[in-house]
>>> print(open('coords34.txt').read())   # compact mmCIF, C-alpha atoms and all ligand atoms
# COMPACT_ATOMS: atom_id res chain seq x y z
CA MET A 14 9.59 -16.10 -19.95
CA GLU A 15 9.40 -16.77 -23.68
CA SER A 16 6.32 -18.91 -23.25
CA ILE A 17 4.49 -16.15 -21.35
CA PHE A 18 5.35 -13.66 -24.08
CA ASN A 19 3.92 -16.09 -26.63
CA GLN A 20 0.65 -16.36 -24.73
CA TYR A 21 0.29 -12.59 -24.97
CA GLY A 22 1.44 -12.64 -28.59
CA TRP A 23 4.33 -10.24 -27.94
CA SER A 24 7.54 -10.05 -29.96
CA VAL A 25 9.69 -8.77 -27.14
CA LEU A 26 12.47 -6.28 -27.80
CA SER A 27 13.71 -5.76 -24.22
CA VAL A 28 12.97 -6.78 -20.63
CA GLN A 29 13.97 -4.78 -17.60
CA GLN A 30 13.29 -5.75 -13.99
CA LEU A 31 11.86 -2.96 -11.79
CA HIS A 32 12.64 -2.97 -8.08
CA GLN A 33 9.96 -0.96 -6.33
CA GLY A 34 7.63 -3.34 -4.48
CA LEU A 35 8.61 -5.68 -1.68
CA ILE A 36 6.21 -8.50 -2.56
CA ASN A 37 5.80 -9.12 -6.30
CA SER A 38 8.40 -9.24 -9.12
CA THR A 39 7.83 -6.63 -11.82
CA TYR A 40 9.24 -6.33 -15.35
CA SER A 41 9.04 -3.57 -17.90
CA ILE A 42 8.56 -5.09 -21.36
CA SER A 43 9.08 -3.38 -24.65
CA SER A 44 7.60 -5.26 -27.60
CA ASN A 45 6.44 -4.80 -31.16
CA GLN A 46 2.90 -4.79 -29.75
CA GLY A 47 3.61 -1.96 -27.28
CA ASP A 48 5.11 -1.45 -23.83
CA PHE A 49 3.79 -3.49 -20.92
CA ILE A 50 4.32 -4.15 -17.24
CA LEU A 51 4.49 -7.87 -16.53
CA GLN A 52 4.24 -9.04 -12.93
CA THR A 53 4.41 -12.32 -11.10
CA VAL A 54 2.00 -12.38 -8.18
CA ASN A 55 3.65 -13.67 -5.00
CA HIS A 56 1.40 -16.62 -4.19
CA HIS A 57 3.15 -17.33 -0.90
CA ILE A 58 1.55 -14.12 0.31
CA PHE A 59 -1.52 -13.87 -1.92
CA LYS A 60 -2.64 -17.48 -1.50
CA ASP A 61 -5.22 -17.20 -4.27
CA PRO A 62 -4.09 -14.77 -6.99
CA ARG A 63 -7.42 -15.32 -8.76
CA THR A 64 -9.10 -13.14 -6.15
CA ILE A 65 -6.92 -10.20 -7.25
CA ASP A 66 -7.65 -10.90 -10.89
CA ASP A 67 -11.40 -11.05 -10.20
CA ASN A 68 -11.33 -7.79 -8.23
CA ILE A 69 -9.43 -5.83 -10.85
CA ASN A 70 -11.72 -7.10 -13.60
CA ALA A 71 -14.88 -6.41 -11.58
CA ILE A 72 -13.79 -2.85 -10.83
CA GLY A 73 -12.61 -2.36 -14.41
CA ASN A 74 -15.99 -3.44 -15.78
CA PHE A 75 -17.82 -1.15 -13.38
CA LEU A 76 -15.66 1.80 -14.38
CA ASN A 77 -16.07 1.08 -18.07
CA GLN A 78 -19.81 1.56 -17.54
CA GLN A 79 -19.91 4.28 -14.92
CA ALA A 80 -16.76 6.35 -15.36
CA PRO A 81 -15.16 5.52 -18.71
CA ASN A 82 -12.81 8.51 -18.52
CA TYR A 83 -11.33 7.47 -15.18
CA HIS A 84 -7.71 6.41 -15.61
CA PHE A 85 -7.65 2.76 -14.63
CA THR A 86 -4.98 0.10 -15.06
CA HIS A 87 -7.02 -2.59 -16.81
CA LEU A 88 -5.40 -5.99 -17.15
CA VAL A 89 -4.17 -7.00 -20.59
CA PRO A 90 -5.68 -10.31 -21.81
CA THR A 91 -3.65 -13.06 -23.42
CA GLN A 92 -4.58 -14.23 -26.90
CA ASN A 93 -6.93 -16.69 -25.18
CA GLY A 94 -8.59 -13.90 -23.24
CA LYS A 95 -7.07 -14.75 -19.85
CA THR A 96 -5.91 -11.91 -17.56
CA LEU A 97 -4.06 -14.24 -15.18
CA VAL A 98 -1.62 -16.80 -16.53
CA GLU A 99 -0.50 -19.77 -14.47
CA TRP A 100 2.81 -21.12 -15.70
CA GLU A 101 5.24 -23.47 -13.96
CA GLY A 102 3.87 -22.69 -10.53
CA GLN A 103 3.91 -18.91 -11.03
CA PHE A 104 1.07 -16.49 -11.73
CA TYR A 105 1.60 -13.71 -14.27
CA ARG A 106 -0.48 -10.72 -15.31
CA ALA A 107 0.16 -7.72 -17.49
CA PHE A 108 -0.80 -4.06 -17.70
CA LYS A 109 -0.24 -1.51 -20.44
CA GLN A 110 2.65 0.71 -19.59
CA LEU A 111 1.40 4.23 -18.92
CA ASN A 112 3.18 7.41 -19.76
CA GLY A 113 4.12 8.50 -16.27
CA TYR A 114 6.58 8.04 -13.44
CA SER A 115 6.40 7.13 -9.77
CA LEU A 116 8.33 8.54 -6.83
CA SER A 117 10.02 6.71 -3.96
CA VAL A 118 10.01 9.87 -1.82
CA LEU A 119 8.36 13.25 -2.36
CA ASP A 120 10.24 16.46 -2.91
CA ASN A 121 7.41 18.95 -2.52
CA SER A 122 4.05 19.40 -0.82
CA ASN A 123 2.09 19.57 -4.04
CA GLN A 124 2.91 15.91 -4.66
CA ALA A 125 1.27 15.04 -1.31
CA LYS A 126 -1.89 16.85 -2.36
CA GLU A 127 -1.93 15.29 -5.81
CA ALA A 128 -1.39 11.73 -4.58
CA ALA A 129 -3.87 12.04 -1.71
CA SER A 130 -6.46 13.42 -4.08
CA GLN A 131 -5.99 10.49 -6.48
CA PHE A 132 -6.45 7.91 -3.73
CA GLY A 133 -9.50 9.79 -2.43
CA LYS A 134 -10.88 9.86 -5.96
CA PHE A 135 -10.34 6.11 -6.30
CA THR A 136 -12.64 5.41 -3.34
CA GLN A 137 -15.04 8.13 -4.46
CA VAL A 138 -15.42 6.96 -8.07
CA LEU A 139 -16.22 3.48 -6.69
CA SER A 140 -18.68 4.66 -4.05
CA GLU A 141 -21.57 2.97 -5.89
CA PHE A 142 -19.60 -0.24 -6.47
CA ASN A 143 -21.00 -2.95 -4.22
CA ILE A 144 -18.18 -3.93 -1.84
CA ARG A 145 -19.74 -7.37 -1.51
CA ASN A 146 -18.48 -7.97 -5.04
CA LEU A 147 -14.89 -7.55 -3.88
CA LYS A 148 -12.99 -10.63 -2.81
CA ILE A 149 -10.65 -10.69 0.16
CA THR A 150 -7.17 -11.00 -1.31
CA LEU A 151 -5.37 -10.94 2.04
CA PRO A 152 -7.55 -11.80 5.04
CA ASP A 153 -7.12 -9.45 8.02
CA PHE A 154 -4.52 -7.44 6.15
CA HIS A 155 -4.96 -4.28 8.23
CA ASN A 156 -6.43 -5.88 11.32
CA LEU A 157 -4.31 -4.18 13.95
CA SER A 158 -5.49 -6.51 16.74
CA LEU A 159 -4.20 -9.47 14.75
CA ARG A 160 -0.93 -7.68 13.88
CA TYR A 161 -0.40 -6.96 17.56
CA HIS A 162 -1.12 -10.59 18.38
CA GLN A 163 1.42 -11.72 15.76
CA PHE A 164 3.93 -9.36 17.35
CA THR A 165 3.32 -10.87 20.82
CA GLU A 166 4.01 -14.30 19.31
CA ALA A 167 7.18 -13.12 17.54
CA ILE A 168 8.61 -11.73 20.79
CA ILE A 169 8.24 -15.17 22.37
CA LYS A 170 8.78 -17.63 19.53
CA GLY A 171 11.12 -15.56 17.35
CA ASN A 172 14.90 -15.61 17.06
CA ALA A 173 16.16 -15.40 20.66
CA SER A 174 19.24 -13.29 20.05
CA LYS A 175 17.26 -10.84 17.90
CA ILE A 176 14.62 -10.59 20.62
CA ASP A 177 17.37 -9.79 23.09
CA SER A 178 18.93 -7.07 20.96
CA SER A 179 15.53 -5.53 20.08
CA LYS A 180 14.41 -5.10 23.71
CA GLU A 181 14.10 -1.34 23.60
CA SER A 182 11.95 -1.33 20.46
CA ILE A 183 9.80 -4.17 21.79
CA LEU A 184 9.12 -2.31 25.01
CA PHE A 185 8.30 0.86 23.15
CA LEU A 186 5.82 -0.86 20.85
CA LYS A 187 4.21 -2.66 23.78
CA SER A 188 3.77 0.65 25.56
CA LEU A 189 1.70 1.90 22.62
CA HIS A 190 -0.91 -0.85 22.93
CA PRO A 191 -3.64 1.78 23.57
CA ILE A 192 -3.51 2.39 19.79
CA VAL A 193 -4.96 -1.11 19.36
CA ASN A 194 -7.82 -0.24 21.74
CA LYS A 195 -8.54 2.92 19.81
CA TYR A 196 -8.53 0.95 16.54
CA GLU A 197 -11.03 -1.52 18.03
CA TYR A 198 -13.25 1.33 19.16
CA PHE A 199 -13.09 2.86 15.68
CA VAL A 200 -13.92 -0.27 13.68
CA LYS A 201 -16.83 -1.16 15.97
CA HIS A 202 -18.37 2.28 15.62
CA PRO A 203 -21.51 2.16 13.43
CA GLU A 204 -20.43 5.33 11.61
CA SER A 205 -17.09 3.87 10.55
CA LEU A 206 -17.88 2.57 7.09
CA LEU A 207 -16.34 -0.09 4.91
CA ARG A 208 -15.60 1.29 1.44
CA VAL A 209 -13.49 0.29 -1.55
CA THR A 210 -10.06 0.82 -0.04
CA HIS A 211 -6.67 0.62 -1.71
CA HIS A 212 -4.68 -0.46 1.39
CA ASP A 213 -1.26 0.45 -0.02
CA THR A 214 -1.32 4.18 -0.73
CA LYS A 215 2.41 4.70 -0.50
CA ILE A 216 3.78 7.36 -2.78
CA SER A 217 5.28 4.86 -5.24
CA ASN A 218 1.78 3.55 -5.96
CA VAL A 219 0.58 6.63 -7.83
CA LEU A 220 1.73 7.74 -11.25
CA PHE A 221 2.63 11.33 -12.03
CA ASN A 222 3.11 13.22 -15.25
CA LYS A 223 3.64 16.83 -16.24
CA GLU A 224 1.01 18.93 -17.99
CA ASN A 225 2.45 22.22 -19.25
CA GLY A 226 5.24 21.92 -16.71
CA ILE A 227 2.82 21.30 -13.81
CA GLU A 228 3.21 17.99 -12.01
CA LYS A 229 -0.04 16.04 -11.66
CA ALA A 230 -0.86 12.61 -10.22
CA PHE A 231 -3.16 10.85 -12.66
CA CYS A 232 -3.49 7.17 -11.81
CA VAL A 233 -3.22 4.86 -8.82
CA ILE A 234 -1.48 1.52 -9.34
CA ASP A 235 -0.88 -1.74 -7.39
CA LEU A 236 -4.46 -2.90 -6.88
CA ASP A 237 -3.58 -6.21 -5.20
CA THR A 238 -4.86 -5.15 -1.81
CA VAL A 239 -8.01 -3.36 -2.98
CA MET A 240 -10.63 -4.74 -0.60
CA PRO A 241 -13.42 -3.47 1.60
CA GLY A 242 -11.68 -1.41 4.28
CA TYR A 243 -11.66 1.72 6.42
CA PHE A 244 -10.41 5.13 5.31
CA ILE A 245 -7.79 5.07 8.11
CA SER A 246 -5.83 2.50 6.08
CA ASP A 247 -5.47 4.78 3.08
CA VAL A 248 -4.96 8.09 4.86
CA GLY A 249 -2.68 6.32 7.34
CA ASP A 250 -0.32 4.99 4.70
CA MET A 251 -0.20 8.44 3.13
CA CYS A 252 0.88 9.88 6.49
CA ARG A 253 3.47 7.15 6.74
CA THR A 254 5.03 7.81 3.35
CA TYR A 255 4.28 11.44 2.33
CA LEU A 256 5.22 13.52 5.36
CA CYS A 257 8.91 12.72 5.67
CA LYS A 258 11.73 13.48 3.24
CA VAL A 259 13.25 10.02 3.62
CA SER A 260 11.75 6.55 3.13
CA GLU A 261 11.21 3.60 5.45
CA GLU A 262 14.67 2.34 4.40
CA GLU A 263 16.55 5.31 5.93
CA LYS A 264 19.02 4.35 8.66
CA ASP A 265 19.90 7.84 9.87
CA LEU A 266 17.10 8.56 12.31
CA ASN A 267 18.05 12.26 12.49
CA LEU A 268 16.72 12.64 8.97
CA ILE A 269 13.25 11.52 10.02
CA GLN A 270 11.31 14.74 10.38
CA ILE A 271 7.70 15.65 9.64
CA GLU A 272 7.09 18.33 7.03
CA LYS A 273 4.02 20.07 8.43
CA GLU A 274 3.13 21.78 5.19
CA ARG A 275 2.80 18.39 3.53
CA TRP A 276 0.31 17.33 6.19
CA GLU A 277 -1.94 20.25 5.24
CA PHE A 278 -1.61 19.40 1.55
CA LEU A 279 -2.31 15.72 2.15
CA LYS A 280 -5.43 16.57 4.12
CA ASN A 281 -6.67 19.04 1.53
CA GLY A 282 -6.00 16.64 -1.31
CA TYR A 283 -7.85 13.72 0.28
CA LEU A 284 -10.72 15.82 1.59
CA SER A 285 -11.17 17.50 -1.78
CA GLN A 286 -12.63 14.13 -2.80
CA MET A 287 -13.91 12.66 0.46
CA GLN A 288 -15.07 15.55 2.66
CA ASN A 289 -18.76 14.96 2.02
CA THR A 290 -18.49 11.20 2.35
CA LEU A 291 -16.72 10.82 5.69
CA SER A 292 -18.81 10.73 8.87
CA SER A 293 -17.95 12.91 11.86
CA ILE A 294 -16.46 9.95 13.74
CA GLU A 295 -14.25 9.31 10.73
CA ILE A 296 -13.16 12.95 10.48
CA ASP A 297 -12.36 12.80 14.21
CA HIS A 298 -10.00 9.89 13.47
CA PHE A 299 -8.10 11.61 10.68
CA ILE A 300 -4.92 12.07 12.73
CA PHE A 301 -5.38 8.65 14.29
CA SER A 302 -5.02 7.18 10.78
CA GLY A 303 -1.34 8.10 10.78
CA GLN A 304 -0.73 6.66 14.25
CA PHE A 305 -2.57 3.46 13.33
CA MET A 306 -0.66 2.79 10.11
CA ILE A 307 2.82 3.82 11.24
CA TYR A 308 2.36 1.75 14.39
CA MET A 309 1.11 -1.27 12.42
CA GLN A 310 4.03 -1.05 10.00
CA ALA A 311 6.51 -0.84 12.89
CA LEU A 312 4.91 -3.95 14.42
CA ARG A 313 5.03 -5.78 11.08
CA PHE A 314 8.67 -4.92 10.36
CA LEU A 315 9.85 -5.77 13.87
CA SER A 316 7.87 -9.04 13.95
CA ASP A 317 9.37 -9.99 10.59
CA HIS A 318 12.88 -9.22 11.81
CA LEU A 319 12.30 -11.48 14.84
CA ASN A 320 10.85 -14.15 12.53
CA ASN A 321 14.05 -14.09 10.44
CA ASP A 322 12.52 -12.01 7.62
CA SER A 323 10.14 -14.74 6.51
CA TYR A 324 7.58 -12.27 5.09
CA TYR A 325 9.40 -9.27 3.64
CA GLY A 326 12.79 -10.88 3.05
CA ALA A 327 15.93 -8.78 3.57
CA LYS A 328 18.62 -7.56 1.20
CA TYR A 329 21.03 -7.24 4.11
CA GLU A 330 21.08 -8.58 7.66
CA GLY A 331 18.95 -6.41 9.90
CA GLN A 332 17.04 -4.60 7.14
CA ASN A 333 13.67 -5.16 8.78
CA TYR A 334 15.09 -3.95 12.08
CA VAL A 335 16.23 -0.76 10.33
CA ARG A 336 12.75 -0.36 8.89
CA ALA A 337 11.14 -0.97 12.27
CA THR A 338 13.30 1.59 14.09
CA ASN A 339 12.70 4.02 11.24
CA GLN A 340 8.93 3.64 11.68
CA ILE A 341 9.20 3.97 15.46
CA GLU A 342 11.07 7.24 15.00
CA LEU A 343 8.51 8.39 12.45
CA LEU A 344 5.69 7.62 14.87
CA LYS A 345 7.37 9.67 17.61
CA ARG A 346 7.88 12.63 15.26
CA PHE A 347 4.31 12.30 13.95
CA ASN A 348 2.87 12.36 17.48
CA GLU A 349 4.95 15.44 18.33
CA SER A 350 4.16 17.42 15.20
CA ILE A 351 0.60 16.56 14.23
CA ASN A 352 -2.15 17.34 16.71
C1 LIG B 401 4.43 -4.21 0.93
O1 LIG B 401 4.96 -5.02 -1.98
P1 LIG B 401 4.62 -3.63 -1.68
O2 LIG B 401 5.87 -2.81 -1.59
O3 LIG B 401 3.58 -3.06 -2.58
C2 LIG B 401 3.25 -4.54 1.83
C3 LIG B 401 2.62 -3.26 2.36
C4 LIG B 401 3.67 -2.46 3.09
C5 LIG B 401 4.86 -2.20 2.17
C6 LIG B 401 6.00 -1.54 2.91
C7 LIG B 401 0.92 -7.24 0.60
O4 LIG B 401 3.95 -3.55 -0.22
O5 LIG B 401 1.59 -3.58 3.25
O6 LIG B 401 3.15 -1.23 3.53
O7 LIG B 401 5.37 -3.43 1.61
N1 LIG B 401 2.26 -5.31 1.07
C8 LIG B 401 1.85 -6.52 1.51
O8 LIG B 401 6.93 -1.09 2.00
O9 LIG B 401 2.19 -7.00 2.58
MG MG B 402 1.50 -3.26 -2.67
>>> encode(input="coords34.txt", output="structure tokens")
Amino acid sequence: MESIFNQYGWSVLSVQQLHQGLINSTYSISSNQGDFILQTVNHHIFKDPRTIDDNINAIGNFLNQQAPNYHFTHLVPTQNGKTLVEWEGQFYRAFKQLNGYSLSVLDNSNQAKEAASQFGKFTQVLSEFNIRNLKITLPDFHNLSLRYHQFTEAIIKGNASKIDSSKESILFLKSLHPIVNKYEYFVKHPESLLRVTHHDTKISNVLFNKENGIEKAFCVIDLDTVMPGYFISDVGDMCRTYLCKVSEEEKDLNLIQIEKERWEFLKNGYLSQMQNTLSSIEIDHFIFSGQFMIYMQALRFLSDHLNNDSYYGAKYEGQNYVRATNQIELLKRFNESIN
């Protein structure tokens, strides 16, 4: 990576790989010029990484004008002023390292409120940003009808022995097809609005710090999937990752329980920013958000398992099956507890 460091003009002291995301590779860099996060953008998934670069810069410029105090992860330019570097078939970009930490699971309800409020604020602070200026970085990313269609293909064309051993999960997910109908009703409704949407609001995508011993979320990160979208994507992924004490990787299904207090905190945190913006049809679909996203993630993980892990990859055989059954369990618990 020496040549990349040179383009940024860094004298690097240490490099450490971070292992939080499933898609991109991320490195923490300490240099004489400061501490940075360097990432390669996975161009097998994001076919045109320039769209991400353009979006982050467009939003960054808007915020510089309209909300200069908002905490935003601007891209760091190279010495030639580029914020995306193409090198030997890879795309690199860098951010300043911020003084904060992220969580892989929550350990208290306040964190749910803090994170939800930050993601709500992100959409809110960009409410005057023209969504037509945002590029589509991943077409149909949260199109549940398409995800269901991909699932129906995977259960026919996928790995035959995996299809056979996943029968129970397949049947269960098929039985929940009415969620797709409800999604279609929602997105067609004239009062369901497209806004600047993060599309990956999992807990590890918000940075926390402590102010006088009080834990605060202060900045959202991972802006690759910021696109025009519906609020159900953002609230849904919060439901998926904030309400349970264990993550999507947990194999012991008995540990998958919904913490009801966190649901209240999540709602209050998000609505503290978005209450006056959401229409009544949107408010009526608040709980549906969780069903929509947990269901979609279960479909995506199971389809990927049947497709031999071609999208997410797997660190061990059956990892995406574990994730799928985890999400199925979470969906059952969510439906029981939240109404
Ligand atoms: C992927 O790469 P990462 O961890 O930010 C995925 C999300 C999933 C998530 C599940 C572009 O996000 O949609 O919710 O894994 N991102 C993409 O952990 O597919
Ligand atoms: Mg992401």
>>> closest_atom_pairs(input="coords34.txt", of="range 133-205 of chain A", to="range 300-324 of chain A", cutoff="6 Å", atoms="all atoms listed in the file", output="tab-separated table")
residue	atom	partner	partner_atom	distance
A:Phe164	CA	A:Ser316	CA	5.2
A:Ala167	CA	A:Ser316	CA	5.5
A:Gly171	CA	A:Leu319	CA	4.9
A:Asn172	CA	A:Leu319	CA	5.4
A:Lys175	CA	A:Leu319	CA	5.9
>>> residues_near_ligand(input="coords34.txt", ligand="ligand MG 402 (chain B)", cutoff="8 Å", atoms="all atoms listed in the file", output="list in words")
Gly34, Leu35, Ile36, His212, Asp213, Asn218, Asp235, Leu236, Asp237 and Thr238 of chain A
>>> atom_distance(input="coords34.txt", atom1="CA of Lys258 in chain A", atom2="CA of Ser41 in chain A")
27.3 Å
>>> atom_distance(input="coords34.txt", atom1="CA of Arg63 in chain A", atom2="CA of Arg208 in chain A")
21.1 Å
>>> closest_residue(input="coords34.txt", among="A:Ile144, A:Ile65, A:Val239, A:Ile245", to="His298 in chain A", atoms="only C-alpha atoms")
A:Ile245
>>> closest_residue(input="coords34.txt", among="A:Phe299, A:Phe154, A:Tyr40, A:Phe347", to="ligand LIG 401 (chain B)", atoms="only C-alpha atoms and all ligand atoms")
A:Phe154
>>> atom_distance(input="coords34.txt", atom1="CA of Glu101 in chain A", atom2="atom O7 of ligand LIG 401 (chain B)")
25.4 Å
>>> residues_around(input="coords34.txt", residues="Lys126 in chain A", least_positions_apart="2", cutoff="8 Å", atoms="only C-alpha atoms", output="list in words")
Ser122, Asn123, Gln124, Ala128, Ala129, Ser130, Arg275, Phe278, Leu279, Lys280, Asn281, Gly282 and Tyr283 of chain A
>>> closest_residue(input="coords34.txt", among="A:Phe59, A:Tyr105, A:Tyr83, A:Tyr161", to="Ile149 in chain A", atoms="all atoms listed in the file")
A:Phe59
>>> residues_around(input="coords34.txt", residues="Ala107 in chain A", least_positions_apart="2", cutoff="10 Å", atoms="all atoms listed in the file", output="PyMOL selection string")
chain A and resi 21+39-42+49-53+86-91+96-98+105+109-110
>>> write_last_selection(input="coords34.txt", atoms="C-alpha atoms", output="PDB file, keeping the file's coordinate frame")
ATOM      1  CA  TYR A  21       0.290 -12.590 -24.970  1.00  0.00           C
ATOM      2  CA  THR A  39       7.830  -6.630 -11.820  1.00  0.00           C
ATOM      3  CA  TYR A  40       9.240  -6.330 -15.350  1.00  0.00           C
ATOM      4  CA  SER A  41       9.040  -3.570 -17.900  1.00  0.00           C
ATOM      5  CA  ILE A  42       8.560  -5.090 -21.360  1.00  0.00           C
ATOM      6  CA  PHE A  49       3.790  -3.490 -20.920  1.00  0.00           C
ATOM      7  CA  ILE A  50       4.320  -4.150 -17.240  1.00  0.00           C
ATOM      8  CA  LEU A  51       4.490  -7.870 -16.530  1.00  0.00           C
ATOM      9  CA  GLN A  52       4.240  -9.040 -12.930  1.00  0.00           C
ATOM     10  CA  THR A  53       4.410 -12.320 -11.100  1.00  0.00           C
ATOM     11  CA  THR A  86      -4.980   0.100 -15.060  1.00  0.00           C
ATOM     12  CA  HIS A  87      -7.020  -2.590 -16.810  1.00  0.00           C
ATOM     13  CA  LEU A  88      -5.400  -5.990 -17.150  1.00  0.00           C
ATOM     14  CA  VAL A  89      -4.170  -7.000 -20.590  1.00  0.00           C
ATOM     15  CA  PRO A  90      -5.680 -10.310 -21.810  1.00  0.00           C
ATOM     16  CA  THR A  91      -3.650 -13.060 -23.420  1.00  0.00           C
ATOM     17  CA  THR A  96      -5.910 -11.910 -17.560  1.00  0.00           C
ATOM     18  CA  LEU A  97      -4.060 -14.240 -15.180  1.00  0.00           C
ATOM     19  CA  VAL A  98      -1.620 -16.800 -16.530  1.00  0.00           C
ATOM     20  CA  TYR A 105       1.600 -13.710 -14.270  1.00  0.00           C
ATOM     21  CA  LYS A 109      -0.240  -1.510 -20.440  1.00  0.00           C
ATOM     22  CA  GLN A 110       2.650   0.710 -19.590  1.00  0.00           C
TER      23      GLN A 110
END
>>> closest_residue(input="coords34.txt", among="A:Ser292, A:Gly94, A:Ser43, A:Arg336", to="Leu206 in chain A", atoms="all atoms listed in the file")
A:Ser292
>>> residues_around(input="coords34.txt", residues="Asn222 in chain A", least_positions_apart="2", cutoff="9 Å", atoms="all atoms listed in the file", output="ChimeraX atom specification")
/A:112-115,220,224,227-231
>>> closest_residue(input="coords34.txt", among="A:Val54, A:Cys232, A:Leu291, A:Val209", to="ligand LIG 401 (chain B)", atoms="all atoms listed in the file")
A:Val54
>>> residues_around(input="coords34.txt", residues="Gln79 in chain A", least_positions_apart="5", cutoff="10 Å", atoms="all atoms listed in the file", output="number ranges by chain")
A: 73-74, 138-139, 141-142
>>> closest_residue(input="coords34.txt", among="A:Ser174, A:Ser260, A:Ser182, A:Asn45", to="ligand LIG 401 (chain B)", atoms="all atoms listed in the file")
A:Ser260
>>> residues_around(input="coords34.txt", residues="Ser24 in chain A", least_positions_apart="5", cutoff="12 Å", atoms="all atoms listed in the file", output="NGL selection string")
:A and (14-19 or 42-49)
>>> write_last_selection(input="coords34.txt", atoms="C-alpha atoms", output="PDB file, in the coordinates of the input")
ATOM      1  CA  MET A  14       9.590 -16.100 -19.950  1.00  0.00           C
ATOM      2  CA  GLU A  15       9.400 -16.770 -23.680  1.00  0.00           C
ATOM      3  CA  SER A  16       6.320 -18.910 -23.250  1.00  0.00           C
ATOM      4  CA  ILE A  17       4.490 -16.150 -21.350  1.00  0.00           C
ATOM      5  CA  PHE A  18       5.350 -13.660 -24.080  1.00  0.00           C
ATOM      6  CA  ASN A  19       3.920 -16.090 -26.630  1.00  0.00           C
ATOM      7  CA  ILE A  42       8.560  -5.090 -21.360  1.00  0.00           C
ATOM      8  CA  SER A  43       9.080  -3.380 -24.650  1.00  0.00           C
ATOM      9  CA  SER A  44       7.600  -5.260 -27.600  1.00  0.00           C
ATOM     10  CA  ASN A  45       6.440  -4.800 -31.160  1.00  0.00           C
ATOM     11  CA  GLN A  46       2.900  -4.790 -29.750  1.00  0.00           C
ATOM     12  CA  GLY A  47       3.610  -1.960 -27.280  1.00  0.00           C
ATOM     13  CA  ASP A  48       5.110  -1.450 -23.830  1.00  0.00           C
ATOM     14  CA  PHE A  49       3.790  -3.490 -20.920  1.00  0.00           C
TER      15      PHE A  49
END
>>> axis_aligned_box(input="coords34.txt", around="range 76-90 of chain A", padding_each_side="5 Å", output="AutoDock Vina command-line options")
--center_x -12.0 --center_y -0.9 --center_z -18.1 --size_x 25.7 --size_y 28.8 --size_z 17.4
>>> residues_near_point(input="coords34.txt", point="(7.3, 1.7, -2.8)", cutoff="12 Å", atoms="all atoms listed in the file", output="PyMOL selection string")
chain A and resi 31-37+115-119+213-220+234-235+250-251+253-255+260-262
>>> residues_near_point(input="coords34.txt", point="(-11.3, 0.9, 2.8)", cutoff="6 Å", atoms="all atoms listed in the file", output="list in words")
Leu207, Arg208, Val209, Thr210, Pro241, Gly242, Tyr243 and Phe244 of chain A
>>> decode(input="coords34.txt", residues="range 101-113 of chain A", atoms="N, CA and C atoms", output="PDB file, in the first residue's frame")
ATOM      1  N   GLU A 101      -4.153  -0.350  -9.197  1.00  0.00           N
ATOM      2  CA  GLU A 101      -4.071  -1.788  -9.456  1.00  0.00           C
ATOM      3  C   GLU A 101      -5.417  -2.487  -9.289  1.00  0.00           C
ATOM      4  N   GLY A 102      -6.431  -1.910  -9.914  1.00  0.00           N
ATOM      5  CA  GLY A 102      -7.739  -2.553  -9.929  1.00  0.00           C
ATOM      6  C   GLY A 102      -8.543  -2.391  -8.643  1.00  0.00           C
ATOM      7  N   GLN A 103      -8.002  -1.661  -7.671  1.00  0.00           N
ATOM      8  CA  GLN A 103      -8.743  -1.427  -6.427  1.00  0.00           C
ATOM      9  C   GLN A 103      -9.063   0.053  -6.301  1.00  0.00           C
ATOM     10  N   PHE A 104     -10.103   0.348  -5.535  1.00  0.00           N
ATOM     11  CA  PHE A 104     -10.472   1.741  -5.260  1.00  0.00           C
ATOM     12  C   PHE A 104     -10.259   2.025  -3.780  1.00  0.00           C
ATOM     13  N   TYR A 105      -9.545   3.082  -3.480  1.00  0.00           N
ATOM     14  CA  TYR A 105      -9.252   3.448  -2.088  1.00  0.00           C
ATOM     15  C   TYR A 105      -9.818   4.820  -1.790  1.00  0.00           C
ATOM     16  N   ARG A 106     -10.197   5.009  -0.518  1.00  0.00           N
ATOM     17  CA  ARG A 106     -10.562   6.360  -0.048  1.00  0.00           C
ATOM     18  C   ARG A 106     -10.231   6.418   1.432  1.00  0.00           C
ATOM     19  N   ALA A 107     -10.103   7.664   1.913  1.00  0.00           N
ATOM     20  CA  ALA A 107      -9.658   7.818   3.303  1.00  0.00           C
ATOM     21  C   ALA A 107     -10.521   8.835   4.043  1.00  0.00           C
ATOM     22  N   PHE A 108     -10.638   8.596   5.331  1.00  0.00           N
ATOM     23  CA  PHE A 108     -11.325   9.522   6.244  1.00  0.00           C
ATOM     24  C   PHE A 108     -10.370   9.841   7.384  1.00  0.00           C
ATOM     25  N   LYS A 109     -10.585  10.992   8.026  1.00  0.00           N
ATOM     26  CA  LYS A 109      -9.845  11.272   9.260  1.00  0.00           C
ATOM     27  C   LYS A 109     -10.376  10.354  10.343  1.00  0.00           C
ATOM     28  N   GLN A 110      -9.481   9.859  11.160  1.00  0.00           N
ATOM     29  CA  GLN A 110      -9.961   9.021  12.254  1.00  0.00           C
ATOM     30  C   GLN A 110     -10.558   9.911  13.343  1.00  0.00           C
ATOM     31  N   LEU A 111     -11.755   9.568  13.782  1.00  0.00           N
ATOM     32  CA  LEU A 111     -12.414  10.412  14.788  1.00  0.00           C
ATOM     33  C   LEU A 111     -12.211   9.808  16.169  1.00  0.00           C
ATOM     34  N   ASN A 112     -12.314  10.671  17.152  1.00  0.00           N
ATOM     35  CA  ASN A 112     -12.093  10.240  18.511  1.00  0.00           C
ATOM     36  C   ASN A 112     -13.353   9.616  19.085  1.00  0.00           C
ATOM     37  N   GLY A 113     -13.597   8.375  18.746  1.00  0.00           N
ATOM     38  CA  GLY A 113     -14.808   7.718  19.232  1.00  0.00           C
ATOM     39  C   GLY A 113     -14.682   6.229  19.033  1.00  0.00           C
TER      40      GLY A 113
END
